[in-house]
Structures are given as C-alpha cells and as structure tokens.
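Okay, structure.pdb is below, PDB, C-alpha atoms, pLDDT in the B column:
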ATOM      1  CA  ASP D   1      -7.761  33.038  46.740  1.00 72.00           C
ATOM      2  CA  ILE D   2      -8.616  33.244  43.053  1.00 82.00           C
ATOM      3  CA  THR D   3      -8.846  36.140  40.635  1.00 84.00           C
ATOM      4  CA  ALA D   4     -12.097  37.632  39.367  1.00 88.00           C
ATOM      5  CA  GLU D   5     -11.433  36.061  35.956  1.00 88.00           C
ATOM      6  CA  ILE D   6     -11.160  32.586  37.481  1.00 88.00           C
ATOM      7  CA  GLU D   7     -14.293  33.226  39.576  1.00 92.00           C
ATOM      8  CA  ASP D   8     -16.162  34.038  36.351  1.00 93.00           C
ATOM      9  CA  LEU D   9     -14.952  30.776  34.773  1.00 92.00           C
ATOM     10  CA  VAL D  10     -16.047  28.829  37.859  1.00 92.00           C
ATOM     11  CA  ARG D  11     -19.525  30.454  37.771  1.00 94.00           C
ATOM     12  CA  ALA D  12     -19.810  29.651  34.066  1.00 96.00           C
ATOM     13  CA  GLY D  13     -18.939  26.019  34.735  1.00 92.00           C
ATOM     14  CA  GLU D  14     -15.789  26.234  32.606  1.00 91.00           C
ATOM     15  CA  VAL D  15     -13.447  25.227  35.451  1.00 87.00           C
ATOM     16  CA  SER D  16     -13.812  23.762  38.903  1.00 85.00           C
ATOM     17  CA  PHE D  17     -12.161  25.190  41.987  1.00 84.00           C
ATOM     18  CA  GLU D  18     -11.926  23.800  45.483  1.00 81.00           C
ATOM     19  CA  LYS D  19     -10.442  25.712  48.378  1.00 82.00           C
ATOM     20  CA  ARG D  20      -9.771  23.123  51.049  1.00 86.00           C
ATOM     21  CA  GLU D  21      -7.034  21.313  52.899  1.00 89.00           C
ATOM     22  CA  VAL D  22      -5.232  18.821  50.675  1.00 91.00           C
ATOM     23  CA  LYS D  23      -3.566  15.593  51.824  1.00 93.00           C
ATOM     24  CA  PRO D  24      -0.213  14.396  50.376  1.00 94.00           C
ATOM     25  CA  ASN D  25      -1.714  11.102  49.153  1.00 94.00           C
ATOM     26  CA  GLU D  26      -4.453  12.746  47.069  1.00 92.00           C
ATOM     27  CA  SER D  27      -4.669  12.761  43.303  1.00 91.00           C
ATOM     28  CA  PHE D  28      -6.907  14.718  40.979  1.00 90.00           C
ATOM     29  CA  SER D  29      -8.901  13.819  37.869  1.00 89.00           C
ATOM     30  CA  SER D  30      -8.716  17.197  36.121  1.00 88.00           C
ATOM     31  CA  ASP D  31      -6.678  17.815  32.977  1.00 91.00           C
ATOM     32  CA  LEU D  32      -4.869  20.772  34.574  1.00 90.00           C
ATOM     33  CA  VAL D  33      -3.596  20.731  38.138  1.00 90.00           C
ATOM     34  CA  ILE D  34      -2.159  23.860  39.728  1.00 89.00           C
ATOM     35  CA  LEU D  35      -0.041  23.083  42.771  1.00 89.00           C
ATOM     36  CA  ALA D  36       0.233  26.386  44.574  1.00 86.00           C
ATOM     37  CA  THR D  37       0.202  25.603  48.261  1.00 86.00           C
ATOM     38  CA  ASN D  38       2.611  27.276  50.665  1.00 87.00           C
ATOM     39  CA  ASP D  39       4.096  23.843  51.401  1.00 92.00           C
ATOM     40  CA  GLN D  40       6.825  22.768  48.969  1.00 92.00           C
ATOM     41  CA  GLU D  41       6.808  19.164  50.258  1.00 93.00           C
ATOM     42  CA  LEU D  42       3.047  18.919  49.771  1.00 94.00           C
ATOM     43  CA  ASN D  43       3.341  20.300  46.233  1.00 92.00           C
ATOM     44  CA  GLU D  44       6.047  17.703  45.528  1.00 93.00           C
ATOM     45  CA  ALA D  45       3.940  14.820  46.895  1.00 94.00           C
ATOM     46  CA  LEU D  46       0.923  15.907  44.846  1.00 94.00           C
ATOM     47  CA  TYR D  47       3.137  16.248  41.780  1.00 93.00           C
ATOM     48  CA  HIS D  48       4.199  12.600  42.134  1.00 93.00           C
ATOM     49  CA  ASN D  49       0.528  11.539  42.372  1.00 93.00           C
ATOM     50  CA  ARG D  50      -0.268  13.010  38.970  1.00 93.00           C
ATOM     51  CA  GLU D  51      -1.509  11.033  36.008  1.00 93.00           C
ATOM     52  CA  ALA D  52       0.588  10.966  32.831  1.00 93.00           C
ATOM     53  CA  ARG D  53      -2.138  12.772  30.854  1.00 95.00           C
ATOM     54  CA  GLN D  54      -2.310  15.724  33.257  1.00 94.00           C
ATOM     55  CA  TRP D  55      -0.700  19.113  32.798  1.00 95.00           C
ATOM     56  CA  VAL D  56       0.745  20.299  36.089  1.00 93.00           C
ATOM     57  CA  TYR D  57       1.898  23.700  37.266  1.00 91.00           C
ATOM     58  CA  ASN D  58       4.107  23.371  40.336  1.00 89.00           C
ATOM     59  CA  ALA D  59       4.537  26.822  41.879  1.00 86.00           C
ATOM     60  CA  SER D  60       7.382  25.663  44.113  1.00 84.00           C
ATOM     61  CA  ASN D  61       9.357  23.908  41.355  1.00 85.00           C
ATOM     62  CA  GLN D  62       9.217  25.409  37.873  1.00 82.00           C
ATOM     63  CA  GLY D  63      11.393  22.560  36.579  1.00 84.00           C
ATOM     64  CA  LYS D  64       8.527  20.196  37.325  1.00 87.00           C
ATOM     65  CA  SER D  65       5.902  22.288  35.587  1.00 89.00           C
ATOM     66  CA  ASP D  66       4.393  21.447  32.224  1.00 90.00           C
ATOM     67  CA  ILE D  67       3.147  24.989  31.719  1.00 89.00           C
ATOM     68  CA  ARG D  68       4.177  28.519  32.631  1.00 86.00           C
ATOM     69  CA  PHE D  69       2.089  31.548  33.475  1.00 84.00           C
ATOM     70  CA  PRO D  70       3.719  34.644  32.007  1.00 89.00           C
ATOM     71  CA  HIS D  71       3.020  38.034  33.521  1.00 90.00           C
ATOM     72  CA  THR D  72       0.502  39.805  31.305  1.00 92.00           C
ATOM     73  CA  LEU D  73       0.023  43.547  31.047  1.00 93.00           C
ATOM     74  CA  GLN D  74      -3.197  44.651  29.355  1.00 93.00           C
ATOM     75  CA  LYS D  75      -4.232  48.204  28.506  1.00 93.00           C
ATOM     76  CA  GLY D  76      -7.241  48.265  26.200  1.00 91.00           C
ATOM     77  CA  ASP D  77      -6.188  46.636  22.923  1.00 93.00           C
ATOM     78  CA  LEU D  78      -2.544  46.387  24.015  1.00 95.00           C
ATOM     79  CA  THR D  79      -1.353  43.107  25.496  1.00 96.00           C
ATOM     80  CA  ILE D  80       2.262  42.611  26.540  1.00 96.00           C
ATOM     81  CA  THR D  81       3.387  39.306  27.984  1.00 96.00           C
ATOM     82  CA  VAL D  82       6.669  38.847  29.858  1.00 96.00           C
ATOM     83  CA  SER D  83       8.113  35.491  30.862  1.00 92.00           C
ATOM     84  CA  THR D  84      11.396  34.335  32.346  1.00 89.00           C
ATOM     85  CA  ASN D  85      10.441  30.705  31.598  1.00 85.00           C
ATOM     86  CA  GLY D  86      10.157  30.046  35.300  1.00 81.00           C
ATOM     87  CA  ALA D  87      13.587  31.422  36.211  1.00 84.00           C
ATOM     88  CA  SER D  88      12.068  34.264  38.224  1.00 86.00           C
ATOM     89  CA  PRO D  89       8.350  35.097  38.060  1.00 84.00           C
ATOM     90  CA  LEU D  90       8.946  38.077  40.359  1.00 88.00           C
ATOM     91  CA  TYR D  91      11.505  39.478  37.918  1.00 94.00           C
ATOM     92  CA  ALA D  92       9.021  39.012  35.062  1.00 92.00           C
ATOM     93  CA  LYS D  93       6.526  41.056  37.069  1.00 92.00           C
ATOM     94  CA  GLU D  94       9.154  43.730  37.760  1.00 95.00           C
ATOM     95  CA  LEU D  95      10.040  43.934  34.049  1.00 96.00           C
ATOM     96  CA  SER D  96       6.358  44.182  33.197  1.00 95.00           C
ATOM     97  CA  ASN D  97       5.983  47.074  35.656  1.00 94.00           C
ATOM     98  CA  GLN D  98       8.982  48.831  34.086  1.00 96.00           C
ATOM     99  CA  ILE D  99       7.429  48.439  30.630  1.00 96.00           C
ATOM    100  CA  GLU D 100       4.095  49.753  31.920  1.00 95.00           C
ATOM    101  CA  ASN D 101       5.819  52.839  33.347  1.00 94.00           C
ATOM    102  CA  GLN D 102       7.271  53.575  29.888  1.00 92.00           C
ATOM    103  CA  LEU D 103       3.895  53.503  28.140  1.00 91.00           C
ATOM    104  CA  PRO D 104       2.139  56.753  27.269  1.00 87.00           C
ATOM    105  CA  VAL D 105      -0.517  57.678  29.827  1.00 86.00           C
ATOM    106  CA  ASP D 106      -3.176  57.718  27.107  1.00 85.00           C
ATOM    107  CA  ILE D 107      -2.107  54.467  25.387  1.00 87.00           C
ATOM    108  CA  GLU D 108      -5.682  53.155  25.330  1.00 90.00           C
ATOM    109  CA  GLY D 109      -6.948  56.307  23.601  1.00 86.00           C
ATOM    110  CA  GLN D 110      -4.064  56.239  21.145  1.00 85.00           C
ATOM    111  CA  LEU D 111      -4.830  52.639  20.230  1.00 88.00           C
ATOM    112  CA  LEU D 112      -8.527  53.393  19.764  1.00 89.00           C
ATOM    113  CA  PHE D 113      -7.594  56.240  17.445  1.00 85.00           C
ATOM    114  CA  LEU D 114      -5.038  54.146  15.544  1.00 86.00           C
ATOM    115  CA  LYS D 115      -7.611  51.383  15.101  1.00 89.00           C
ATOM    116  CA  TRP D 116     -10.159  53.865  13.784  1.00 88.00           C
ATOM    117  CA  ALA D 117      -7.585  55.466  11.474  1.00 84.00           C
ATOM    118  CA  ARG D 118      -6.470  52.070  10.177  1.00 87.00           C
ATOM    119  CA  ASP D 119     -10.059  51.112   9.345  1.00 89.00           C
ATOM    120  CA  GLN D 120     -10.554  54.425   7.514  1.00 85.00           C
ATOM    121  CA  ILE D 121      -7.357  54.036   5.500  1.00 85.00           C
ATOM    122  CA  LYS D 122      -8.008  50.403   4.621  1.00 85.00           C
ATOM    123  CA  SER D 123     -11.515  51.195   3.365  1.00 85.00           C
ATOM    124  CA  ALA D 124     -10.351  54.183   1.283  1.00 83.00           C
ATOM    125  CA  ALA D 125     -10.068  53.742  -2.482  1.00 84.00           C
ATOM    126  CA  LEU D 126      -6.327  54.337  -2.613  1.00 83.00           C
ATOM    127  CA  LYS D 127      -3.366  52.525  -4.079  1.00 85.00           C
ATOM    128  CA  ARG D 128      -1.819  49.953  -1.769  1.00 85.00           C
ATOM    129  CA  VAL D 129       1.465  51.889  -1.554  1.00 86.00           C
ATOM    130  CA  ASN D 130      -0.411  55.034  -0.449  1.00 83.00           C
ATOM    131  CA  LYS D 131      -2.310  53.083   2.201  1.00 83.00           C
ATOM    132  CA  LYS D 132       0.922  51.601   3.525  1.00 86.00           C
ATOM    133  CA  ASP D 133       2.521  55.057   3.667  1.00 85.00           C
ATOM    134  CA  MET D 134      -0.439  56.459   5.584  1.00 82.00           C
ATOM    135  CA  LEU D 135      -0.494  53.528   8.001  1.00 83.00           C
ATOM    136  CA  THR D 136       3.225  54.028   8.629  1.00 84.00           C
ATOM    137  CA  LYS D 137       2.749  57.745   9.287  1.00 81.00           C
ATOM    138  CA  ASN D 138      -0.056  57.017  11.736  1.00 77.00           C
ATOM    139  CA  VAL D 139       2.236  55.177  14.130  1.00 78.00           C
ATOM    140  CA  GLN D 140       4.735  58.029  14.218  1.00 76.00           C
ATOM    141  CA  HIS D 141       4.718  59.923  17.503  1.00 63.00           C
ATOM    142  CA  LYS D 142       3.842  63.340  16.059  1.00 60.00           C
ATOM    143  CA  TRP D 143       0.623  62.073  14.457  1.00 59.00           C
ATOM    144  CA  ARG D 144      -0.583  60.205  17.538  1.00 57.00           C
ATOM    145  CA  ASN D 145      -0.332  63.333  19.649  1.00 60.00           C
ATOM    146  CA  ASP D 146      -2.404  65.502  17.310  1.00 63.00           C
ATOM    147  CA  LYS D 147      -5.626  63.557  16.902  1.00 63.00           C
ATOM    148  CA  GLU D 148      -7.641  66.509  15.602  1.00 67.00           C
ATOM    149  CA  ARG D 149      -5.180  67.179  12.770  1.00 64.00           C
ATOM    150  CA  GLU D 150      -5.025  63.481  11.927  1.00 64.00           C
ATOM    151  CA  GLU D 151      -8.820  63.156  11.865  1.00 69.00           C
ATOM    152  CA  LYS D 152      -9.018  66.095   9.430  1.00 68.00           C
ATOM    153  CA  ARG D 153      -6.327  64.513   7.249  1.00 65.00           C
ATOM    154  CA  LEU D 154      -8.177  61.200   7.191  1.00 67.00           C
ATOM    155  CA  MET D 155     -11.488  62.871   6.324  1.00 71.00           C
ATOM    156  CA  LYS D 156      -9.746  64.603   3.421  1.00 70.00           C
ATOM    157  CA  VAL D 157      -8.390  61.257   2.225  1.00 66.00           C
ATOM    158  CA  LYS D 158     -11.821  59.684   2.509  1.00 68.00           C
ATOM    159  CA  LYS D 159     -13.409  62.507   0.462  1.00 72.00           C
ATOM    160  CA  GLU D 160     -10.706  62.183  -2.204  1.00 67.00           C
ATOM    161  CA  SER D 161     -11.226  58.434  -2.430  1.00 66.00           C
ATOM    162  CA  MET D 162     -14.956  58.930  -3.059  1.00 69.00           C
ATOM    163  CA  LYS D 163     -14.335  61.039  -6.156  1.00 63.00           C
TER
END
If you convert what's in this file into structure tokens, what do you get?
Amino acid sequence: DITAEIEDLVRAGEVSFEKREVKPNESFSSDLVILATNDQELNEALYHNREARQWVYNASNQGKSDIRFPHTLQKGDLTITVSTNGASPLYAKELSNQIENQLPVDIEGQLLFLKWARDQIKSAALKRVNKKDMLTKNVQHKWRNDKEREEKRLMKVKKESMK
C-alpha cells in the first residue's frame, strides 16, 4: 500500500505506481526504483537488473541502496528528521517517537505565535541589537507560555517604533 502523499503524487501525474506481482527477471525504466517486497531474494534479483543511471532503494539491504528515507516528524512548521543511515529504520522511528513525546503539547500554537512575533519584531523600526535581543527572549520558555503578555509587549514595541 502507499501513503496518501504518494497517492496525491500519482493522481497529479508526478510519479507512477504499479501494485502487481513482479518477476525476478524484470527491469524498470524509471529513475527511482523502490524495492520493498516481502521477498529478499526478489529484491536482490531486481536490484541486479537495474540500470546504472537508476537510483534504487532496497528495503531488504540498506547497503545496496542509493538513497535513504529518514523518519520525519512534522508538527505544523516544525520538521524533525531522524536517520540511522540504514542501520536500523525501526530505531530511527523509536527515537522520533521519543522526541515527539518530549515536545510541548501546543508546539504548533507556539510556533505560530513565534512566527507572528518574529515578523512583528523584524518589521519594527528598532536597532538590530534590540531586535536580536527581543528575538532571543521570544524563544525563552517563560515568554512562550504567556502569549497574552508577549502580545502586549510586542504591541508596545510596535507603537514605540512608529514614533
């Protein structure tokens, strides 16, 4: 099966996807070949049928893969990618889950606020050193957890910069 993202790419004509039985003597014309059958011997046979120009991902043998697929964690504007360079994709996923469990519950809201605050500070008529100080303070834990106070502080800065 394929993910919703891949389905969207298939519908848009960006990639082709065939779900069918594959024979060991087959080869493919695509630039990227993903060998992800449940049969290691079949993956190996298909790998040997590749063309020199092709990029191949061999799910059963990371040493014979030209590319890697890191585990990606996405929460709004936050993207964290974890890779073990093929040593253990399951461990990469486990590490990613551990990182996700450490994130604040409202990380997406915090990032939206920080983005808004950054835009306000950058557009304010202030000295560069003052902007940098304010941007630094915005990432400190105490400011992120008091959005109302921070919004008032930023409005005050904006009013002062308009004088």
Point to revise | Residues near Glu18 in chain D, cut-off 12 Å, all atoms listed in the file, skip fewer than 4 positions along chain, as a list in words | key: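 So, after excluding close chain neighbours, the residues are Asp1, Ile2, Ile6, Glu7, Val10, Val22, Phe28, Ser30, Val33 and Ile34 of chain D.
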Nearest-residue call for Leu32 in chain D, choices D:Phe17, D:Tyr57, D:Tyr91, D:Tyr47, using only C-alpha atoms: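 Checking each candidate against Leu32 in chain D, we get D:Tyr57 as the closest.
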re CA of Val82 in chain D and CA of Asn97 in chain D: distance 10.1 Å
Among D:Asp66, D:Glu100, D:Asp119, D:Asp106, Lys131 in chain D is approached most closely, using only C-alpha atoms, by D:Asp119
Note to self: Please list as a list in words every residue within 8 Å of range 44-46 of chain D, counting only C-alpha atoms and excluding residues in the same chain fewer than 6 positions away.
What the structure shows: Pro24, Asn25, Glu26, Ser27, Leu35 and Asn58 of chain D
message = One decimal, in Å: what's the spacing between CA of Asp77 in chain D and CA of Glu108 in chain D?
response =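 That distance, rounded to one decimal, is 7.0 Å.
Relative to CA of Val139 in chain D, CA of Met155 in chain D is found at 17.6 Å.
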- Message: Please list, as an NGL selection string, the residues that have an atom at most 12 Å away from (1.5, 24.6, 35.5) in the coordinates of this file, counting all atoms listed in the file.
- Response: :D and (31-36 or 43 or 47 or 54-70 or 85-86)
- prompt: Applied to the shown file, which residues does the PyMOL selection byres ((chain D and resi 109) around 12) return, written as a count of residues only?
  reply: 19
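You can rank D:Gln120, D:Lys23, D:Lys137, D:Leu73 by their closest distance to Gln98 in chain D using all atoms listed in the file, and at the top of that list sits D:Leu73.
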